[in-house]
Amino acid sequence: MASEICRDARRVASFNPQELTNTAWAFAKLRVSSATLFDRFAAAAVVKGAAHGGDLAKAGFTPQELTNLAWAYACADHADGALLRNLWSAIVAAGADVPQSSFSLEELRQLQQVVLYARSGSSSTGLAGLVEDVARAPAGFTGLLRRSLALVDASPSRAQEEVGECLEALGLDVEHEHVIPDGLSVDVALLPLRWRVAVEFDGPRHYFRNDKRSPTGRTTFKRRLLRRLGWRVFHVPYFEWAVLPDDAARKEYLKRGLAAIVKEARAAAAARPPPSSGDDADADGRDAYDALKVSELRRLCGDRGLSTTVKRGLDAKSTLTERLRESDGGGGA
């Protein structure tokens, strides 16, 4: 189907906002990789917005469609900076008053994943502008996104509980349903947290119904985000766990799977400077400002009427970042 749509650019241009969004969202969830397809969707959306002064909301995109389209591009790892910046601008405007009345909880969670996608990308992805736009957004809105993603559905399956019990039986210290500061959660995190090692039990919903060993787009997206945020995750597929005959086999399975991961994580943690507070959890405590360059931080300070000068001997990045966080009321972006 993707190739059929790509053959006729006029066909994509004729899509209305709902058709364009639903098609891109479906392809992203199905892990259909087609740069041409997503390029054409992006071009069509930008053209629709340009006809209304660049305002995608005026072009007919609802808050749900803005969210789903932004999430689709992040999920598909198709870094179209121009489109995502236009989408983010319309999203922030839609959430200016009472975000909860414009976006559902699931949509707020998806938006935080888009934020993490932008912040965790390399400098070559062309998303630096979006990262800066996120930092400019009202702190209350970005804080709501982070809190929404952090809301954990604490109802693990019996199989997931078995994984946790086996890890503890191996003598490992663990934290169940751990939420990292960025909002993402993992089923089980190994302690100390500075190792950034987790175990995720991937049940049937993490895989396609017609291809039970192939992870969905949503699952691969979360895996990618965790990896970019520095986490090493051992994934336990339900179909592998189900055939293990007893506790001894399960423990051996986990020991083998975690051995190399823990070794790499220990070495990486030893190479990182310790968090200044001494709290392991703070080692992950980044926010939108941490991804910005000094020049971008100076520009943001100037936009907010804050001083852009830094005394000799002080670290410019940390000094400017602290000023911006204080202007947010101490809570960060």
# chains A, B, ... in the order shown; residues from 1 in each chain; ligands from 1
$ select_by_dssp --residues "stretch 43-239 of chain A" --states "helix (DSSP H, G or I)" --output "NGL selection string"
:A and (43-50 or 63-75 or 81-94 or 99-102 or 105-120 or 123-125 or 128-136 or 139-150 or 158-169 or 193-195 or 204-206 or 217-228 or 238-239)
$ closest_atom_pairs --of "stretch 142-228 of chain A" --to "stretch 239-261 of chain A" --cutoff "9 Å" --atoms "only C-alpha atoms" --output "JSON lines"
{"residue": "A:Ala159", "atom": "CA", "partner": "A:Trp241", "partner_atom": "CA", "distance": 8.0}
{"residue": "A:Val163", "atom": "CA", "partner": "A:Arg250", "partner_atom": "CA", "distance": 8.0}
{"residue": "A:Cys166", "atom": "CA", "partner": "A:Lys251", "partner_atom": "CA", "distance": 5.9}
{"residue": "A:Leu167", "atom": "CA", "partner": "A:Lys251", "partner_atom": "CA", "distance": 7.3}
{"residue": "A:Ala169", "atom": "CA", "partner": "A:Lys251", "partner_atom": "CA", "distance": 8.1}
{"residue": "A:Leu170", "atom": "CA", "partner": "A:Lys251", "partner_atom": "CA", "distance": 7.0}
{"residue": "A:Val197", "atom": "CA", "partner": "A:Ile261", "partner_atom": "CA", "distance": 7.4}
{"residue": "A:Val199", "atom": "CA", "partner": "A:Leu258", "partner_atom": "CA", "distance": 8.6}
{"residue": "A:Phe201", "atom": "CA", "partner": "A:Trp241", "partner_atom": "CA", "distance": 8.9}
{"residue": "A:Gly203", "atom": "CA", "partner": "A:Phe239", "partner_atom": "CA", "distance": 8.2}
{"residue": "A:Pro204", "atom": "CA", "partner": "A:Phe239", "partner_atom": "CA", "distance": 8.4}
{"residue": "A:Lys212", "atom": "CA", "partner": "A:Phe239", "partner_atom": "CA", "distance": 8.6}
{"residue": "A:Arg213", "atom": "CA", "partner": "A:Phe239", "partner_atom": "CA", "distance": 8.1}
$ atom_distance --atom1 "atom CA of A:Ala51" --atom2 "atom CA of A:Leu83"
14.5 Å
$ atom_distance --atom1 "atom CA of A:Gly164" --atom2 "atom CA of A:Tyr117"
28.6 Å
$ closest_residue --among "A:Ile180, A:Ala13, A:Ala59, A:Leu226" --to "A:Phe41" --atoms "only C-alpha atoms"
A:Ala13
$ select_by_dssp --residues "stretch 24-241 of chain A" --states "strand (DSSP E or B)" --output "PyMOL selection string"
chain A and resi 174-179+185-190+197-202+207-208+211-215+232-237
$ write_last_selection --atoms "N, CA, C and O atoms" --output "tab-separated table (two decimals), in the first residue's frame"
chain	number	residue	atom	x	y	z
A	174	VAL	N	16.42	-4.79	43.24
A	174	VAL	CA	15.65	-4.26	42.11
A	174	VAL	C	14.59	-3.28	42.60
A	174	VAL	O	14.23	-3.25	43.77
A	175	GLU	N	14.12	-2.49	41.66
A	175	GLU	CA	12.98	-1.59	41.92
A	175	GLU	C	11.94	-1.87	40.84
A	175	GLU	O	12.22	-1.73	39.65
A	176	HIS	N	10.75	-2.25	41.27
A	176	HIS	CA	9.68	-2.57	40.34
A	176	HIS	C	8.99	-1.30	39.84
A	176	HIS	O	8.81	-0.34	40.59
A	177	GLU	N	8.56	-1.32	38.58
A	177	GLU	CA	7.84	-0.20	37.96
A	177	GLU	C	8.58	1.12	38.18
A	177	GLU	O	8.01	2.11	38.62
A	178	HIS	N	9.87	1.11	37.86
A	178	HIS	CA	10.69	2.31	38.06
A	178	HIS	C	10.39	3.35	36.99
A	178	HIS	O	10.35	3.04	35.80
A	179	VAL	N	10.19	4.60	37.42
A	179	VAL	CA	9.96	5.71	36.50
A	179	VAL	C	11.20	6.59	36.48
A	179	VAL	O	11.63	7.10	37.52
A	185	SER	N	8.89	4.57	31.93
A	185	SER	CA	8.98	3.60	33.02
A	185	SER	C	9.52	2.28	32.49
A	185	SER	O	9.40	1.97	31.30
A	186	VAL	N	10.11	1.51	33.39
A	186	VAL	CA	10.58	0.17	33.07
A	186	VAL	C	10.00	-0.80	34.09
A	186	VAL	O	9.73	-0.43	35.23
A	187	ASP	N	9.81	-2.04	33.67
A	187	ASP	CA	9.19	-3.03	34.55
A	187	ASP	C	10.03	-3.25	35.81
A	187	ASP	O	9.51	-3.23	36.93
A	188	VAL	N	11.32	-3.48	35.62
A	188	VAL	CA	12.21	-3.72	36.75
A	188	VAL	C	13.54	-3.03	36.47
A	188	VAL	O	14.15	-3.25	35.41
A	189	ALA	N	13.98	-2.20	37.40
A	189	ALA	CA	15.29	-1.56	37.29
A	189	ALA	C	16.23	-2.20	38.30
A	189	ALA	O	15.85	-2.43	39.45
A	190	LEU	N	17.45	-2.48	37.87
A	190	LEU	CA	18.45	-3.02	38.79
A	190	LEU	C	19.10	-1.88	39.56
A	190	LEU	O	19.32	-0.80	39.01
A	197	VAL	N	20.31	-0.16	34.14
A	197	VAL	CA	20.01	-1.48	33.61
A	197	VAL	C	18.59	-1.84	34.00
A	197	VAL	O	18.19	-1.66	35.16
A	198	ALA	N	17.82	-2.34	33.05
A	198	ALA	CA	16.43	-2.69	33.32
A	198	ALA	C	16.08	-4.01	32.65
A	198	ALA	O	16.75	-4.47	31.72
A	199	VAL	N	15.01	-4.60	33.15
A	199	VAL	CA	14.44	-5.80	32.55
A	199	VAL	C	13.00	-5.50	32.21
A	199	VAL	O	12.24	-5.03	33.07
A	200	GLU	N	12.62	-5.74	30.98
A	200	GLU	CA	11.25	-5.52	30.53
A	200	GLU	C	10.67	-6.86	30.10
A	200	GLU	O	11.27	-7.58	29.29
A	201	PHE	N	9.50	-7.18	30.64
A	201	PHE	CA	8.77	-8.37	30.18
A	201	PHE	C	7.83	-7.93	29.07
A	201	PHE	O	6.94	-7.10	29.29
A	202	ASP	N	8.04	-8.48	27.89
A	202	ASP	CA	7.23	-8.09	26.73
A	202	ASP	C	6.15	-9.13	26.49
A	202	ASP	O	6.41	-10.22	25.94
A	207	TYR	N	3.65	-7.39	20.55
A	207	TYR	CA	3.95	-8.01	19.26
A	207	TYR	C	2.71	-7.98	18.38
A	207	TYR	O	1.58	-7.88	18.86
A	208	PHE	N	2.93	-8.09	17.07
A	208	PHE	CA	1.81	-8.11	16.14
A	208	PHE	C	1.03	-9.41	16.27
A	208	PHE	O	1.60	-10.49	16.49
A	211	ASP	N	2.04	-11.78	13.53
A	211	ASP	CA	3.47	-12.10	13.53
A	211	ASP	C	3.94	-11.99	14.97
A	211	ASP	O	4.52	-11.00	15.39
A	212	LYS	N	3.69	-13.04	15.72
A	212	LYS	CA	3.78	-13.00	17.18
A	212	LYS	C	5.20	-12.84	17.72
A	212	LYS	O	5.39	-12.73	18.93
A	213	ARG	N	6.21	-12.80	16.84
A	213	ARG	CA	7.58	-12.59	17.30
A	213	ARG	C	8.17	-11.30	16.77
A	213	ARG	O	9.36	-11.03	16.94
A	214	SER	N	7.33	-10.49	16.18
A	214	SER	CA	7.79	-9.20	15.64
A	214	SER	C	7.20	-8.07	16.47
A	214	SER	O	5.98	-7.91	16.54
A	215	PRO	N	8.04	-7.27	17.15
A	215	PRO	CA	7.52	-6.20	18.01
A	215	PRO	C	6.84	-5.09	17.21
A	215	PRO	O	7.24	-4.78	16.09
A	232	ARG	N	20.33	0.31	29.33
A	232	ARG	CA	20.54	-1.01	28.74
A	232	ARG	C	19.43	-1.92	29.25
A	232	ARG	O	19.29	-2.11	30.46
A	233	VAL	N	18.66	-2.46	28.34
A	233	VAL	CA	17.46	-3.20	28.73
A	233	VAL	C	17.53	-4.63	28.20
A	233	VAL	O	17.81	-4.86	27.01
A	234	PHE	N	17.30	-5.57	29.10
A	234	PHE	CA	17.16	-6.97	28.71
A	234	PHE	C	15.67	-7.24	28.54
A	234	PHE	O	14.90	-7.14	29.49
A	235	HIS	N	15.28	-7.57	27.31
A	235	HIS	CA	13.87	-7.81	27.02
A	235	HIS	C	13.58	-9.31	27.10
A	235	HIS	O	14.29	-10.13	26.53
A	236	VAL	N	12.51	-9.63	27.82
A	236	VAL	CA	12.10	-11.02	28.02
A	236	VAL	C	10.80	-11.24	27.24
A	236	VAL	O	9.72	-10.87	27.72
A	237	PRO	N	10.86	-11.83	26.05
A	237	PRO	CA	9.63	-12.09	25.28
A	237	PRO	C	8.78	-13.16	25.96
A	237	PRO	O	9.31	-14.15	26.49
$ atom_distance --atom1 "atom CA of A:Leu30" --atom2 "atom CA of A:Gly217"
5.6 Å
$ closest_atom_pairs --of "stretch 43-94 of chain A" --to "stretch 101-104 of chain A" --cutoff "10 Å" --atoms "only C-alpha atoms" --output "CSV"
residue,atom,partner,partner_atom,distance
A:Thr62,CA,A:Ser102,CA,9.1
A:Pro63,CA,A:Ser102,CA,6.4
A:Gln64,CA,A:Phe103,CA,6.7
A:Thr67,CA,A:Phe103,CA,8.5
A:Ile91,CA,A:Ser102,CA,9.3
A:Ala94,CA,A:Ser102,CA,6.6
$ write_last_selection --atoms "N, CA, C and O atoms" --output "mmCIF file, in the first residue's frame"
data_model
loop_
_atom_site.group_PDB
_atom_site.id
_atom_site.type_symbol
_atom_site.label_atom_id
_atom_site.label_comp_id
_atom_site.auth_asym_id
_atom_site.auth_seq_id
_atom_site.Cartn_x
_atom_site.Cartn_y
_atom_site.Cartn_z
ATOM 1 N N THR A 62 -7.094 18.748 14.198
ATOM 2 C CA THR A 62 -7.566 18.802 15.579
ATOM 3 C C THR A 62 -6.386 18.527 16.519
ATOM 4 O O THR A 62 -5.342 18.017 16.090
ATOM 5 N N PRO A 63 -6.532 18.829 17.822
ATOM 6 C CA PRO A 63 -5.459 18.485 18.767
ATOM 7 C C PRO A 63 -5.072 17.015 18.716
ATOM 8 O O PRO A 63 -3.881 16.666 18.804
ATOM 9 N N GLN A 64 -6.054 16.134 18.567
ATOM 10 C CA GLN A 64 -5.744 14.705 18.479
ATOM 11 C C GLN A 64 -4.923 14.407 17.234
ATOM 12 O O GLN A 64 -3.952 13.629 17.286
ATOM 13 N N THR A 67 -1.329 15.666 17.583
ATOM 14 C CA THR A 67 -0.573 14.757 18.451
ATOM 15 C C THR A 67 -0.201 13.470 17.729
ATOM 16 O O THR A 67 0.953 13.029 17.745
ATOM 17 N N ILE A 91 0.355 22.570 18.761
ATOM 18 C CA ILE A 91 0.041 21.798 19.971
ATOM 19 C C ILE A 91 0.115 22.681 21.205
ATOM 20 O O ILE A 91 -0.761 22.640 22.079
ATOM 21 N N ALA A 94 -2.825 24.923 21.307
ATOM 22 C CA ALA A 94 -4.049 24.211 21.685
ATOM 23 C C ALA A 94 -4.106 23.951 23.179
ATOM 24 O O ALA A 94 -5.186 23.884 23.771
#
$ residues_around --residues "A:Cys301" --least-positions-apart "6" --cutoff "7 Å" --atoms "only C-alpha atoms" --output "PyMOL selection string"
chain A and resi 307-308+324
$ residues_around --residues "A:Phe27" --least-positions-apart "3" --cutoff "12 Å" --atoms "only C-alpha atoms" --output "PyMOL selection string"
chain A and resi 1-3+5+20-24+30-35+37-38+41+68-69+71-73+75-78+216-218
$ write_last_selection --atoms "N, CA, C and O atoms" --output "compact mmCIF listing (two decimals), in the first residue's frame"
# COMPACT_ATOMS: atom_id res chain seq x y z
N MET A 1 0.82 -1.21 0.00
CA MET A 1 0.00 0.00 0.00
C MET A 1 0.86 1.26 0.00
O MET A 1 0.53 2.24 -0.64
N ALA A 2 1.97 1.22 0.76
CA ALA A 2 2.84 2.40 0.81
C ALA A 2 3.36 2.77 -0.55
O ALA A 2 3.40 3.94 -0.94
N SER A 3 3.78 1.75 -1.34
CA SER A 3 4.31 2.02 -2.67
C SER A 3 3.23 2.57 -3.59
O SER A 3 3.50 3.44 -4.43
N ILE A 5 0.67 4.46 -2.68
CA ILE A 5 0.46 5.85 -2.31
C ILE A 5 1.60 6.72 -2.82
O ILE A 5 1.38 7.84 -3.31
N LEU A 20 -4.74 12.04 6.30
CA LEU A 20 -3.28 12.12 6.31
C LEU A 20 -2.72 11.61 7.64
O LEU A 20 -1.79 10.80 7.68
N THR A 21 -3.32 12.08 8.73
CA THR A 21 -2.85 11.68 10.06
C THR A 21 -3.05 10.20 10.33
O THR A 21 -2.14 9.51 10.79
N ASN A 22 -4.24 9.70 10.04
CA ASN A 22 -4.54 8.30 10.32
C ASN A 22 -3.64 7.36 9.52
O ASN A 22 -3.21 6.30 10.03
N THR A 23 -3.35 7.73 8.28
CA THR A 23 -2.51 6.87 7.45
C THR A 23 -1.07 6.86 7.97
O THR A 23 -0.45 5.80 8.09
N ALA A 24 -0.53 8.04 8.28
CA ALA A 24 0.84 8.11 8.82
C ALA A 24 0.94 7.36 10.15
O ALA A 24 1.91 6.63 10.41
N LEU A 30 2.73 0.09 12.37
CA LEU A 30 3.01 -1.16 11.67
C LEU A 30 4.48 -1.30 11.29
O LEU A 30 4.87 -2.28 10.68
N ARG A 31 5.29 -0.28 11.64
CA ARG A 31 6.73 -0.26 11.34
C ARG A 31 6.99 -0.33 9.84
O ARG A 31 7.92 -0.99 9.38
N VAL A 32 6.15 0.37 9.07
CA VAL A 32 6.39 0.47 7.63
C VAL A 32 7.43 1.56 7.42
O VAL A 32 7.21 2.72 7.74
N SER A 33 8.57 1.17 6.89
CA SER A 33 9.67 2.11 6.70
C SER A 33 9.68 2.59 5.25
O SER A 33 10.03 1.85 4.34
N SER A 34 9.27 3.84 5.05
CA SER A 34 9.24 4.43 3.71
C SER A 34 9.52 5.91 3.83
O SER A 34 8.62 6.70 4.15
N ALA A 35 10.78 6.31 3.56
CA ALA A 35 11.13 7.72 3.65
C ALA A 35 10.32 8.55 2.67
O ALA A 35 9.88 9.66 2.99
N LEU A 37 7.31 7.98 1.54
CA LEU A 37 5.94 8.12 2.03
C LEU A 37 5.84 9.23 3.08
O LEU A 37 4.99 10.12 2.97
N PHE A 38 6.72 9.19 4.08
CA PHE A 38 6.65 10.19 5.14
C PHE A 38 7.06 11.58 4.65
O PHE A 38 6.57 12.59 5.14
N PHE A 41 3.86 12.87 3.05
CA PHE A 41 2.89 13.26 4.07
C PHE A 41 3.28 14.61 4.68
O PHE A 41 2.44 15.47 4.90
N ASN A 68 -1.19 12.85 17.08
CA ASN A 68 -0.94 11.57 16.43
C ASN A 68 0.05 11.70 15.27
O ASN A 68 0.86 10.80 15.04
N LEU A 69 0.01 12.83 14.57
CA LEU A 69 0.94 13.03 13.46
C LEU A 69 2.36 13.23 13.97
O LEU A 69 3.32 12.66 13.44
N TRP A 71 3.54 12.14 16.83
CA TRP A 71 3.97 10.85 17.37
C TRP A 71 4.34 9.89 16.25
O TRP A 71 5.33 9.14 16.37
N ALA A 72 3.60 9.90 15.17
CA ALA A 72 3.88 8.99 14.05
C ALA A 72 5.28 9.24 13.49
O ALA A 72 6.02 8.28 13.21
N TYR A 73 5.65 10.50 13.34
CA TYR A 73 6.98 10.81 12.79
C TYR A 73 8.08 10.44 13.78
O TYR A 73 9.14 9.97 13.37
N CYS A 75 7.82 8.04 16.11
CA CYS A 75 7.80 6.58 16.18
C CYS A 75 8.50 5.97 14.96
O CYS A 75 9.26 5.00 15.09
N ALA A 76 8.28 6.56 13.79
CA ALA A 76 8.90 6.06 12.56
C ALA A 76 10.35 6.50 12.43
O ALA A 76 11.03 6.11 11.48
N ASP A 77 10.81 7.32 13.38
CA ASP A 77 12.18 7.85 13.35
C ASP A 77 12.44 8.61 12.05
O ASP A 77 13.52 8.52 11.46
N HIS A 78 11.43 9.37 11.64
CA HIS A 78 11.55 10.21 10.44
C HIS A 78 11.64 11.66 10.90
O HIS A 78 10.63 12.31 11.17
N THR A 216 5.83 -4.50 17.81
CA THR A 216 5.08 -3.43 17.16
C THR A 216 5.91 -2.15 17.08
O THR A 216 6.95 -2.02 17.73
N GLY A 217 5.41 -1.19 16.31
CA GLY A 217 6.08 0.10 16.21
C GLY A 217 6.14 0.80 17.55
O GLY A 217 7.15 1.43 17.89
N ARG A 218 5.08 0.71 18.32
CA ARG A 218 5.06 1.35 19.64
C ARG A 218 6.13 0.76 20.55
O ARG A 218 6.83 1.48 21.28
$ residues_around --residues "stretch 17-19 of chain A" --least-positions-apart "4" --cutoff "7 Å" --atoms "only C-alpha atoms" --output "VMD selection string"
chain A and resid 23 60 to 61 65
